[in-house]
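Asker: This is data06.tsv (TSV, C-alpha atoms).
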chain	number	residue	atom	x	y	z
A	1	MET	CA	-15.45	-28.30	27.13
A	2	ASN	CA	-15.13	-24.74	25.79
A	3	HIS	CA	-12.05	-24.22	27.97
A	4	ASN	CA	-10.45	-27.37	26.57
A	5	ARG	CA	-11.20	-26.29	23.02
A	6	LYS	CA	-9.59	-22.92	23.63
A	7	LYS	CA	-6.52	-24.59	25.12
A	8	LEU	CA	-6.29	-26.86	22.07
A	9	ARG	CA	-6.70	-23.93	19.66
A	10	TRP	CA	-3.93	-21.90	21.24
A	11	GLY	CA	-1.82	-24.98	21.73
A	12	ILE	CA	-1.92	-25.39	17.96
A	13	LEU	CA	-0.89	-21.75	17.60
A	14	CYS	CA	2.18	-22.30	19.75
A	15	ALA	CA	3.05	-25.56	18.00
A	16	VAL	CA	2.87	-23.88	14.62
A	17	LEU	CA	4.65	-20.65	15.47
A	18	VAL	CA	7.03	-21.13	18.39
A	19	SER	CA	9.36	-23.46	16.52
A	20	SER	CA	12.10	-21.28	15.05
A	21	PRO	CA	13.34	-21.71	11.48
A	22	SER	CA	17.00	-22.11	10.71
A	23	GLY	CA	19.32	-19.85	12.63
A	24	LEU	CA	20.94	-18.86	9.35
A	25	LEU	CA	18.73	-15.79	9.06
A	26	GLY	CA	19.69	-13.03	6.71
A	27	LEU	CA	23.01	-14.45	5.62
A	28	ARG	CA	23.74	-14.38	1.93
A	29	PHE	CA	23.09	-17.82	0.51
A	30	LYS	CA	26.71	-18.45	-0.46
A	31	ASP	CA	27.75	-17.92	3.18
A	32	SER	CA	25.05	-20.03	4.81
A	33	ALA	CA	26.45	-23.50	4.00
A	34	ARG	CA	29.85	-22.62	5.49
A	35	PHE	CA	28.29	-21.33	8.69
A	36	ALA	CA	26.00	-24.35	8.92
A	37	SER	CA	28.97	-26.72	8.85
A	38	GLU	CA	30.77	-24.62	11.48
A	39	ASP	CA	27.69	-24.71	13.69
A	40	ALA	CA	27.50	-28.46	13.38
A	41	ARG	CA	31.14	-28.87	14.42
A	42	ALA	CA	30.73	-26.46	17.32
A	43	GLY	CA	27.48	-28.08	18.47
A	44	LEU	CA	25.72	-24.71	18.63
A	45	PHE	CA	22.37	-26.09	17.54
A	46	ALA	CA	22.33	-28.45	20.52
A	47	ASN	CA	21.79	-25.57	22.94
A	48	PRO	CA	18.88	-23.28	22.03
A	49	ASP	CA	20.06	-20.68	24.55
A	50	GLN	CA	23.27	-20.02	22.62
A	51	PRO	CA	23.23	-17.44	19.79
A	52	ARG	CA	23.34	-18.76	16.24
A	53	TYR	CA	24.91	-17.34	13.12
A	54	GLY	CA	22.56	-14.90	11.44
A	55	LEU	CA	21.03	-13.78	14.74
A	56	SER	CA	22.03	-10.58	16.45
A	57	SER	CA	22.50	-10.58	20.21
A	58	SER	CA	18.89	-9.43	20.52
A	59	GLY	CA	17.84	-12.42	18.43
A	60	ALA	CA	18.54	-14.65	21.43
A	61	GLN	CA	16.15	-12.64	23.57
A	62	ILE	CA	12.60	-13.76	24.20
A	63	ASN	CA	9.44	-11.86	24.92
A	64	GLN	CA	7.25	-12.14	27.97
A	65	ALA	CA	3.55	-11.67	27.42
A	66	PRO	CA	2.72	-8.41	29.21
A	67	ALA	CA	1.00	-9.04	32.52
A	68	ASP	CA	-1.64	-6.34	32.04
A	69	GLN	CA	-3.27	-6.12	28.63
A	70	SER	CA	-6.44	-4.39	29.85
A	71	SER	CA	-5.54	-0.95	28.48
A	72	HIS	CA	-6.48	-1.82	24.89
A	73	ARG	CA	-9.18	-4.46	25.45
A	74	PRO	CA	-12.11	-2.16	24.47
A	75	ALA	CA	-10.34	-1.18	21.24
A	76	SER	CA	-9.65	-4.87	20.52
A	77	ALA	CA	-13.31	-5.71	21.10
A	78	ARG	CA	-14.40	-3.02	18.66
A	79	LEU	CA	-11.87	-4.28	16.13
A	80	GLN	CA	-13.18	-7.83	16.50
A	81	SER	CA	-16.77	-6.67	16.00
A	82	CYS	CA	-15.75	-4.73	12.90
A	83	LEU	CA	-13.92	-7.75	11.55
A	84	GLU	CA	-16.89	-10.07	12.12
A	85	ALA	CA	-19.21	-7.68	10.30
A	86	LEU	CA	-16.82	-7.37	7.35
A	87	MET	CA	-16.26	-11.11	6.98
A	88	ALA	CA	-19.85	-12.29	7.43
A	89	GLY	CA	-20.69	-14.59	4.53
A	90	ARG	CA	-17.13	-14.59	3.18
A	91	ALA	CA	-14.79	-17.56	2.92
A	92	GLY	CA	-11.34	-16.66	4.17
A	93	ASP	CA	-9.05	-15.85	7.07
A	94	VAL	CA	-8.00	-12.60	8.70
A	95	ILE	CA	-5.42	-12.11	11.46
A	96	VAL	CA	-4.73	-8.74	13.09
A	97	SER	CA	-1.76	-8.42	15.43
A	98	ASP	CA	0.43	-5.97	17.29
A	99	PRO	CA	3.81	-6.44	15.56
A	100	ARG	CA	5.64	-4.95	18.56
A	101	THR	CA	4.61	-7.87	20.78
A	102	GLY	CA	3.14	-10.54	18.50
A	103	GLU	CA	-0.27	-10.37	20.22
A	104	VAL	CA	-3.24	-11.41	18.07
A	105	THR	CA	-5.76	-8.63	18.70
A	106	ALA	CA	-8.54	-9.79	16.35
A	107	ALA	CA	-9.07	-12.74	14.02
A	108	TRP	CA	-11.51	-14.46	11.71
A	109	ASN	CA	-11.04	-18.23	11.25
A	110	LEU	CA	-7.81	-18.20	13.22
A	111	ASP	CA	-7.42	-21.97	13.26
A	112	SER	CA	-7.56	-22.01	9.46
A	113	GLY	CA	-5.15	-19.08	9.27
A	114	LEU	CA	-2.60	-21.06	11.26
A	115	ARG	CA	-3.13	-24.40	9.57
A	116	ASP	CA	-4.21	-24.05	5.93
A	117	ALA	CA	-1.74	-23.01	3.25
A	118	TYR	CA	-2.19	-21.47	-0.18
A	119	PRO	CA	-0.02	-19.82	-2.86
A	120	PRO	CA	0.66	-16.30	-1.50
A	121	GLY	CA	0.90	-14.66	-4.93
A	122	SER	CA	2.49	-11.24	-5.10
A	123	THR	CA	2.68	-10.84	-1.33
A	124	ALA	CA	5.77	-13.07	-1.71
A	125	LYS	CA	7.55	-10.45	-3.84
A	126	ILE	CA	9.11	-9.00	-0.68
A	127	VAL	CA	11.14	-12.24	-0.44
A	128	GLU	CA	12.58	-12.00	-3.96
A	129	SER	CA	13.20	-8.29	-3.41
A	130	ALA	CA	15.16	-8.89	-0.21
A	131	ALA	CA	17.05	-11.80	-1.77
A	132	ALA	CA	18.13	-9.75	-4.79
A	133	LEU	CA	19.20	-6.77	-2.67
A	134	GLU	CA	21.07	-8.81	-0.05
A	135	GLU	CA	22.80	-10.99	-2.65
A	136	GLY	CA	23.89	-7.90	-4.58
A	137	VAL	CA	22.26	-8.79	-7.91
A	138	VAL	CA	20.25	-5.56	-8.03
A	139	SER	CA	20.48	-2.09	-6.50
A	140	PRO	CA	17.51	-0.02	-5.30
A	141	GLN	CA	18.19	2.51	-8.09
A	142	GLU	CA	18.62	0.09	-11.03
A	143	GLN	CA	15.84	0.47	-13.58
A	144	ILE	CA	14.14	-2.22	-15.65
A	145	PHE	CA	11.61	-1.24	-18.30
A	146	CYS	CA	8.31	-3.14	-18.20
A	147	HIS	CA	7.30	-4.70	-21.52
A	148	ARG	CA	4.00	-5.94	-20.01
A	149	VAL	CA	4.25	-9.65	-20.89
A	150	PRO	CA	6.91	-11.36	-18.75
A	151	PRO	CA	9.53	-13.42	-20.57
A	152	ILE	CA	9.21	-17.16	-19.90
A	153	LEU	CA	5.76	-16.83	-18.29
A	154	GLY	CA	3.77	-15.34	-21.14
A	155	GLU	CA	0.36	-13.72	-21.48
A	156	LYS	CA	-1.24	-15.32	-18.41
A	157	TYR	CA	1.02	-13.20	-16.19
A	158	ARG	CA	0.69	-9.97	-18.18
A	159	CYS	CA	1.13	-6.90	-15.97
A	160	VAL	CA	-2.12	-5.22	-14.95
A	161	HIS	CA	-0.66	-1.99	-13.60
A	162	PRO	CA	-1.08	1.19	-15.69
A	163	PRO	CA	1.45	1.56	-18.51
A	164	SER	CA	4.54	3.50	-17.55
A	165	GLY	CA	6.57	5.74	-19.81
A	166	SER	CA	9.70	5.11	-17.77
A	167	ALA	CA	11.50	2.12	-16.28
A	168	PHE	CA	10.87	0.92	-12.73
A	169	THR	CA	13.26	0.90	-9.81
A	170	LEU	CA	12.72	-1.92	-7.32
A	171	PRO	CA	10.47	0.12	-4.96
A	172	GLN	CA	8.40	1.28	-7.94
A	173	ALA	CA	8.12	-2.28	-9.26
A	174	LEU	CA	7.01	-3.50	-5.83
A	175	ALA	CA	4.42	-0.71	-5.56
A	176	ASN	CA	3.02	-1.58	-9.00
A	177	SER	CA	3.43	-5.35	-8.50
A	178	CYS	CA	5.18	-5.55	-11.87
A	179	ASN	CA	5.31	-9.20	-12.94
A	180	TYR	CA	7.66	-8.35	-15.80
A	181	TYR	CA	10.21	-6.76	-13.45
A	182	PHE	CA	10.19	-9.61	-10.95
A	183	THR	CA	10.36	-12.28	-13.65
A	184	VAL	CA	13.47	-10.63	-15.09
A	185	LEU	CA	14.92	-10.33	-11.60
A	186	SER	CA	14.32	-14.03	-10.93
A	187	LEU	CA	16.75	-14.89	-13.74
A	188	ARG	CA	19.57	-13.44	-11.62
A	189	LEU	CA	18.89	-15.71	-8.63
A	190	THR	CA	19.69	-19.41	-8.32
A	191	PRO	CA	16.98	-21.79	-7.08
A	192	GLU	CA	19.03	-22.46	-3.96
A	193	THR	CA	19.35	-18.75	-3.18
A	194	LEU	CA	15.63	-18.06	-3.58
A	195	SER	CA	14.75	-21.10	-1.47
A	196	HIS	CA	17.16	-19.94	1.22
A	197	TRP	CA	15.51	-16.52	1.43
A	198	TYR	CA	12.03	-18.01	1.64
A	199	SER	CA	13.30	-19.93	4.67
A	200	VAL	CA	14.75	-16.74	6.16
A	201	PHE	CA	11.29	-15.15	6.01
A	202	GLY	CA	9.67	-18.16	7.67
A	203	PHE	CA	7.80	-19.64	4.71
A	204	GLY	CA	7.30	-23.40	4.93
A	205	GLN	CA	8.57	-23.42	8.51
A	206	GLY	CA	7.05	-24.52	11.81
A	207	THR	CA	5.25	-27.71	12.77
A	208	ALA	CA	1.51	-28.29	12.82
A	209	ALA	CA	-0.27	-30.40	15.41
A	210	ASN	CA	-0.01	-33.51	13.21
A	211	GLY	CA	3.76	-33.05	12.80
A	212	THR	CA	3.72	-31.79	9.21
A	213	PRO	CA	4.95	-28.37	8.11
A	214	PRO	CA	2.14	-25.90	7.35
A	215	GLY	CA	2.92	-24.99	3.77
A	216	HIS	CA	5.98	-25.75	1.68
A	217	VAL	CA	8.55	-24.09	-0.52
A	218	THR	CA	9.90	-25.72	-3.67
A	219	VAL	CA	11.90	-23.66	-6.14
A	220	GLY	CA	12.21	-25.42	-9.48
A	221	ARG	CA	15.53	-25.56	-11.30
A	222	ASP	CA	14.20	-24.55	-14.72
A	223	ALA	CA	13.75	-20.83	-15.35
A	224	ARG	CA	9.95	-20.93	-15.66
A	225	ARG	CA	9.35	-22.76	-12.36
A	226	LYS	CA	11.82	-20.48	-10.63
A	227	ALA	CA	10.03	-17.41	-11.98
A	228	LEU	CA	6.69	-18.75	-10.77
A	229	ALA	CA	8.21	-19.35	-7.34
A	230	ALA	CA	9.47	-15.77	-7.30
A	231	LEU	CA	5.89	-14.58	-7.94
A	232	GLY	CA	4.52	-16.74	-5.10
A	233	GLU	CA	2.77	-19.20	-7.39
A	234	VAL	CA	2.37	-22.98	-7.72
A	235	ASP	CA	5.28	-24.37	-5.69
A	236	ILE	CA	5.18	-21.77	-2.92
A	237	VAL	CA	2.44	-22.43	-0.36
A	238	ALA	CA	2.11	-20.54	2.93
A	239	THR	CA	-0.37	-19.99	5.72
A	240	PRO	CA	-1.84	-16.53	6.37
A	241	ALA	CA	-0.02	-16.56	9.73
A	242	GLN	CA	3.33	-17.07	7.99
A	243	VAL	CA	2.65	-14.20	5.58
A	244	LEU	CA	1.65	-11.97	8.52
A	245	GLN	CA	4.85	-12.76	10.41
A	246	ALA	CA	7.01	-12.04	7.36
A	247	TYR	CA	5.44	-8.61	6.89
A	248	SER	CA	5.56	-7.84	10.60
A	249	ALA	CA	9.28	-8.59	10.55
A	250	VAL	CA	9.77	-6.03	7.77
A	251	GLY	CA	7.72	-3.47	9.70
A	252	THR	CA	9.71	-3.95	12.91
A	253	ARG	CA	12.99	-3.76	10.98
A	254	GLY	CA	13.87	-7.40	11.48
A	255	GLU	CA	12.11	-8.57	14.67
A	256	PHE	CA	10.34	-11.87	13.97
A	257	ARG	CA	7.95	-12.43	16.87
A	258	THR	CA	5.83	-15.40	17.88
A	259	LEU	CA	2.08	-14.83	17.75
A	260	TRP	CA	0.10	-15.22	20.97
A	261	SER	CA	-3.26	-14.32	22.44
A	262	ALA	CA	-4.08	-12.63	25.74
A	263	ARG	CA	-7.19	-14.80	25.99
A	264	GLU	CA	-5.01	-17.62	27.20
A	265	ARG	CA	-3.01	-15.40	29.60
A	266	GLN	CA	0.08	-17.29	28.55
A	267	LYS	CA	2.75	-17.69	31.19
A	268	GLU	CA	5.53	-19.08	29.03
A	269	ARG	CA	8.10	-16.83	27.44
A	270	LEU	CA	7.61	-16.35	23.73
A	271	ALA	CA	10.39	-16.73	21.20
A	272	SER	CA	11.72	-13.86	19.12
A	273	ARG	CA	14.39	-13.93	16.48
A	274	ARG	CA	15.92	-11.32	14.23
A	275	ILE	CA	16.22	-11.37	10.46
A	276	GLN	CA	19.54	-9.83	9.53
A	277	LEU	CA	18.92	-7.40	6.67
A	278	ARG	CA	20.83	-4.29	5.74
A	279	PRO	CA	19.04	-1.07	6.77
A	280	SER	CA	19.04	-0.07	3.10
A	281	THR	CA	17.23	-3.31	2.19
A	282	LEU	CA	14.56	-2.74	4.82
A	283	GLU	CA	14.02	0.87	3.79
A	284	THR	CA	13.77	-0.13	0.12
A	285	LEU	CA	11.12	-2.74	0.96
A	286	ILE	CA	9.15	-0.30	3.10
A	287	ASP	CA	9.37	2.42	0.42
A	288	GLY	CA	7.86	-0.03	-2.06
A	289	LEU	CA	5.09	-1.11	0.32
A	290	VAL	CA	4.19	2.49	1.18
A	291	GLY	CA	4.12	3.31	-2.53
A	292	CYS	CA	1.82	0.36	-3.10
A	293	VAL	CA	-0.77	2.01	-0.83
A	294	GLN	CA	-0.17	5.55	-2.02
A	295	PHE	CA	-0.28	4.98	-5.79
A	296	GLY	CA	-0.14	1.23	-6.51
A	297	THR	CA	-2.39	-1.79	-6.09
A	298	CYS	CA	-3.21	-1.19	-2.40
A	299	GLN	CA	-4.84	2.23	-2.58
A	300	GLU	CA	-8.06	0.88	-1.04
A	301	ALA	CA	-6.09	0.20	2.16
A	302	ALA	CA	-5.14	3.86	2.68
A	303	VAL	CA	-5.91	5.74	5.90
A	304	ARG	CA	-6.01	9.53	5.94
A	305	GLY	CA	-3.07	10.92	7.90
A	306	VAL	CA	-1.35	7.53	8.34
A	307	ARG	CA	1.47	6.02	6.27
A	308	VAL	CA	0.24	2.50	5.58
A	309	ALA	CA	2.60	-0.11	4.10
A	310	GLY	CA	1.10	-3.09	2.32
A	311	LYS	CA	1.01	-5.45	-0.62
A	312	THR	CA	-1.79	-7.23	-2.43
A	313	GLY	CA	-1.63	-10.65	-4.00
A	314	THR	CA	-3.80	-12.51	-6.51
A	315	ALA	CA	-2.80	-16.16	-6.64
A	316	THR	CA	-4.02	-19.02	-8.81
A	317	ALA	CA	-5.98	-21.59	-6.79
A	318	LEU	CA	-4.49	-25.08	-6.85
A	319	ASP	CA	-7.84	-26.86	-7.34
A	320	GLY	CA	-7.76	-26.55	-11.13
A	321	SER	CA	-10.81	-24.29	-11.21
A	322	GLY	CA	-8.93	-21.34	-12.69
A	323	ALA	CA	-10.18	-19.18	-9.81
A	324	THR	CA	-7.91	-16.86	-7.85
A	325	HIS	CA	-7.30	-16.22	-4.16
A	326	ALA	CA	-7.06	-12.65	-2.86
A	327	TRP	CA	-4.42	-11.49	-0.38
A	328	PHE	CA	-3.40	-8.38	1.48
A	329	ALA	CA	-0.56	-8.10	3.99
A	330	GLY	CA	0.70	-4.93	5.62
A	331	PHE	CA	1.25	-2.75	8.66
A	332	ALA	CA	0.86	0.81	9.93
A	333	PRO	CA	2.16	3.35	10.66
A	334	ALA	CA	5.01	2.44	8.33
A	335	GLU	CA	7.63	4.24	10.43
A	336	ASN	CA	6.65	2.56	13.73
A	337	PRO	CA	3.98	-0.13	13.25
A	338	GLU	CA	1.25	-0.64	15.85
A	339	ILE	CA	-0.95	-2.95	13.77
A	340	ALA	CA	-0.26	-5.65	11.19
A	341	ILE	CA	-2.91	-7.36	9.07
A	342	VAL	CA	-3.17	-10.32	6.75
A	343	VAL	CA	-6.35	-10.87	4.74
A	344	PHE	CA	-6.90	-14.05	2.75
A	345	LEU	CA	-10.07	-14.55	0.71
A	346	ASP	CA	-10.73	-17.89	-0.91
A	347	ARG	CA	-11.95	-16.20	-4.08
A	348	GLY	CA	-11.21	-12.75	-5.42
A	349	LYS	CA	-8.47	-10.35	-6.46
A	350	GLY	CA	-6.16	-8.66	-4.02
A	351	ALA	CA	-6.59	-5.06	-5.15
A	352	HIS	CA	-10.37	-5.23	-5.48
A	353	SER	CA	-11.36	-7.29	-2.44
A	354	ALA	CA	-8.61	-8.02	0.11
A	355	ALA	CA	-7.23	-4.46	0.13
A	356	VAL	CA	-10.75	-3.07	0.63
A	357	LEU	CA	-11.25	-5.17	3.77
A	358	ALA	CA	-7.79	-4.33	5.09
A	359	GLY	CA	-8.48	-0.62	4.64
A	360	ALA	CA	-11.68	-0.87	6.66
A	361	ILE	CA	-9.83	-2.67	9.47
A	362	PHE	CA	-6.99	-0.13	9.48
A	363	ARG	CA	-9.45	2.77	9.61
A	364	GLU	CA	-11.42	1.21	12.48
A	365	TYR	CA	-8.20	0.65	14.42
A	366	PHE	CA	-6.98	4.23	14.11
A	367	ALA	CA	-10.44	5.67	14.75
A	368	SER	CA	-10.75	3.57	17.94
A	369	ARG	CA	-7.24	4.47	19.04
A	370	ASN	CA	-8.00	8.19	18.76
A	371	ARG	CA	-11.31	8.09	20.64
Would you encode the structure as structure tokens?

Answerer:
Amino acid sequence: MNHNRKKLRWGILCAVLVSSPSGLLGLRFKDSARFASEDARAGLFANPDQPRYGLSSSGAQINQAPADQSSHRPASARLQSCLEALMAGRAGDVIVSDPRTGEVTAAWNLDSGLRDAYPPGSTAKIVESAAALEEGVVSPQEQIFCHRVPPILGEKYRCVHPPSGSAFTLPQALANSCNYYFTVLSLRLTPETLSHWYSVFGFGQGTAANGTPPGHVTVGRDARRKALAALGEVDIVATPAQVLQAYSAVGTRGEFRTLWSARERQKERLASRRIQLRPSTLETLIDGLVGCVQFGTCQEAAVRGVRVAGKTGTATALDGSGATHAWFAGFAPAENPEIAIVVFLDRGKGAHSAAVLAGAIFREYFASRNR
């Protein structure tokens, strides 16, 4: 019975995560419709072994689960024990993976992390950032001064970062999670463009065991709903696994890998695709995420001697209670990630609860690795 349950659990994982989103990955939105029609005429989508527009040649490659994973089993066991101690009595999900391979090395409530979807809050700001940079509506050096209360959204979304005497560049705004900056930036993007880039990053994609997508993306046409979507609120709903994969793809400079577990000793080859982003876009995102840990909202996730990249999120719960969910997503070391983490807590604030747990997990990982 236990064996069958494990097979079902990891079968769900594959069903959710193996299915690849649109092949139009990383194309500017205005180019994607043209390429889609060309693909349809050429019949490229009929053969999954053929490369698709938006994928590099390596995007057609697939990963084989390594035959011998025994070298890091003790470290994984210690990480799992640490995670269980941290999450005891808490409601939420945590997934820890190796972004180089997609292996899940530790988890808390994995089934829920694959299946259940919530507004991702400010963790979704990497999507708007990438969209604006790739579409050419902002440069990494352009500055926007924060006036604290975002236009259109009002006092509820007032910025909580310390006041700044100077304007923010995009990396600085990402590090400080500046709602004002990202609301202004959302006015430069069409709903179709923002929706396209959410798809590129894998939000609202995949198929659950019951045939329904885990999570959804809806970008409203009016300016307020679009701004809320840009901040990862209300109409944007994602699973912790989807958020983890998006951040892992940034850390690996575009490699979007399927999650898997060595516990099942999977024999099948595991899909990998590549998000096509300019090197300057990736470096801008990573600069912002590193800054978030060094001086922004993620300082509790810092590890001495390691450049950690991460982002917190505090998202309004959809149950009408007025409560907030807490998120953290990130990876380390920033220059060549070995570990990626997503933390979702059913109640809390990202900077004060999720980042604290992520920091403890990061520190246990690097301490175990160096033993």

Asker: Excluding Tyr181 in chain A and residues on its chain fewer than 2 positions from it, collect all residues at most 12 Å away from it, counting all atoms listed in the file, and give them as an MDAnalysis selection string.

Answerer: chainID A and resid 125 128:129 138 142:151 157:159 161 167:179 183:188 227 230:231

Asker: Quick one: contact table of range 223-248 of chain A to range 310-331 of chain A, 10 Å max, nearest atom pair and distance in Å to one decimal per residue, counting only C-alpha atoms, chain and number order, as a Markdown table?

Answerer:
| residue | atom | partner | partner_atom | distance |
| --- | --- | --- | --- | --- |
| A:Leu231 | CA | A:Ala315 | CA | 8.9 |
| A:Gly232 | CA | A:Ala315 | CA | 7.5 |
| A:Glu233 | CA | A:Ala315 | CA | 6.4 |
| A:Val234 | CA | A:Leu318 | CA | 7.2 |
| A:Asp235 | CA | A:Leu318 | CA | 9.9 |
| A:Val237 | CA | A:Leu318 | CA | 9.9 |
| A:Pro240 | CA | A:Trp327 | CA | 8.8 |
| A:Val243 | CA | A:Ala329 | CA | 7.1 |
| A:Leu244 | CA | A:Ala329 | CA | 6.4 |
| A:Gln245 | CA | A:Ala329 | CA | 9.6 |
| A:Ala246 | CA | A:Ala329 | CA | 9.2 |
| A:Tyr247 | CA | A:Gly330 | CA | 6.1 |
| A:Ser248 | CA | A:Phe331 | CA | 6.9 |

Asker: Residues as selected, C-alpha atoms, written as a compact mmCIF listing (two decimals), keeping the file's coordinate frame, can you do that?

Answerer:
# COMPACT_ATOMS: atom_id res chain seq x y z
CA LEU A 231 5.89 -14.58 -7.94
CA GLY A 232 4.52 -16.74 -5.10
CA GLU A 233 2.77 -19.20 -7.39
CA VAL A 234 2.37 -22.98 -7.72
CA ASP A 235 5.28 -24.37 -5.69
CA VAL A 237 2.44 -22.43 -0.36
CA PRO A 240 -1.84 -16.53 6.37
CA VAL A 243 2.65 -14.20 5.58
CA LEU A 244 1.65 -11.97 8.52
CA GLN A 245 4.85 -12.76 10.41
CA ALA A 246 7.01 -12.04 7.36
CA TYR A 247 5.44 -8.61 6.89
CA SER A 248 5.56 -7.84 10.60

Asker: Anything within 12 Å of (-5.2, -13.1, 8.0): list those residues as JSON, numbers by chain, counting only C-alpha atoms and sticking to the file's coordinates.

Answerer: {"A": [83, 87, 91, 92, 93, 94, 95, 96, 97, 104, 105, 106, 107, 108, 109, 110, 111, 112, 113, 114, 115, 116, 117, 120, 238, 239, 240, 241, 242, 243, 244, 245, 247, 326, 327, 328, 329, 330, 340, 341, 342, 343, 344, 345, 346, 354, 355, 357, 358, 361]}

Asker: So which residues are close to (18.8, -21.8, -4.3), meaning at most 10 Å away in the file's coordinates with only C-alpha atoms counted, and can you show them as an mmCIF file with C-alpha atoms, keeping the file's coordinate frame?

Answerer:
data_model
loop_
_atom_site.group_PDB
_atom_site.id
_atom_site.type_symbol
_atom_site.label_atom_id
_atom_site.label_comp_id
_atom_site.auth_asym_id
_atom_site.auth_seq_id
_atom_site.Cartn_x
_atom_site.Cartn_y
_atom_site.Cartn_z
ATOM 1 C CA PHE A 29 23.090 -17.820 0.510
ATOM 2 C CA LYS A 30 26.710 -18.450 -0.460
ATOM 3 C CA LEU A 189 18.890 -15.710 -8.630
ATOM 4 C CA THR A 190 19.690 -19.410 -8.320
ATOM 5 C CA PRO A 191 16.980 -21.790 -7.080
ATOM 6 C CA GLU A 192 19.030 -22.460 -3.960
ATOM 7 C CA THR A 193 19.350 -18.750 -3.180
ATOM 8 C CA LEU A 194 15.630 -18.060 -3.580
ATOM 9 C CA SER A 195 14.750 -21.100 -1.470
ATOM 10 C CA HIS A 196 17.160 -19.940 1.220
ATOM 11 C CA TRP A 197 15.510 -16.520 1.430
ATOM 12 C CA TYR A 198 12.030 -18.010 1.640
ATOM 13 C CA THR A 218 9.900 -25.720 -3.670
ATOM 14 C CA VAL A 219 11.900 -23.660 -6.140
ATOM 15 C CA GLY A 220 12.210 -25.420 -9.480
ATOM 16 C CA ARG A 221 15.530 -25.560 -11.300
ATOM 17 C CA LYS A 226 11.820 -20.480 -10.630
#

Asker: Could you check which of A:Val356, A:Val303, A:Ala351, A:Ile152 is closest to Ala332 in chain A, using all atoms listed in the file?

Answerer: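 Comparing A:Val356, A:Val303, A:Ala351, A:Ile152 against Ala332 in chain A, the winner is A:Val303.
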
Asker: Record the distance separating CA of Ile236 in chain A and CA of Phe201 in chain A, expressed in Å with one decimal.

Answerer: 12.7 Å

Asker: Expressed in Å to a single decimal, how great is the separation between CA of Trp260 in chain A and CA of Ala309 in chain A?

Answerer: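 Those two atoms sit 22.8 Å apart.
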
Asker: Determine the nearest neighbour of Leu285 in chain A from the options A:Cys82, A:Val306, A:Ala223, A:Ala334, counting only C-alpha atoms.

Answerer: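 Answer, going by the shortest atom-to-atom distance: A:Ala334.
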
Asker: Provide the CA of Glu134 in chain A to CA of Arg28 in chain A distance in Å, to one decimal place.

Answerer: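 Interatomic distance here is 6.5 Å.
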
Asker: So, with all atoms listed in the file as the atoms that count, which of A:Glu364, A:Arg78, A:Gly251, A:Pro162 lies closest to Pro333 in chain A?

Answerer: A:Gly251

Asker: Kindly list the centre and edge lengths in Å, rounded to one decimal, for the axis-aligned box that covers all listed atoms of range 213-218 of chain A plus 3 Å on each of its six sides, as lines of an AutoDock Vina configuration file.

Answerer:
center_x = 6.0
center_y = -26.2
center_z = 2.2
size_x = 13.8
size_y = 10.3
size_z = 17.8
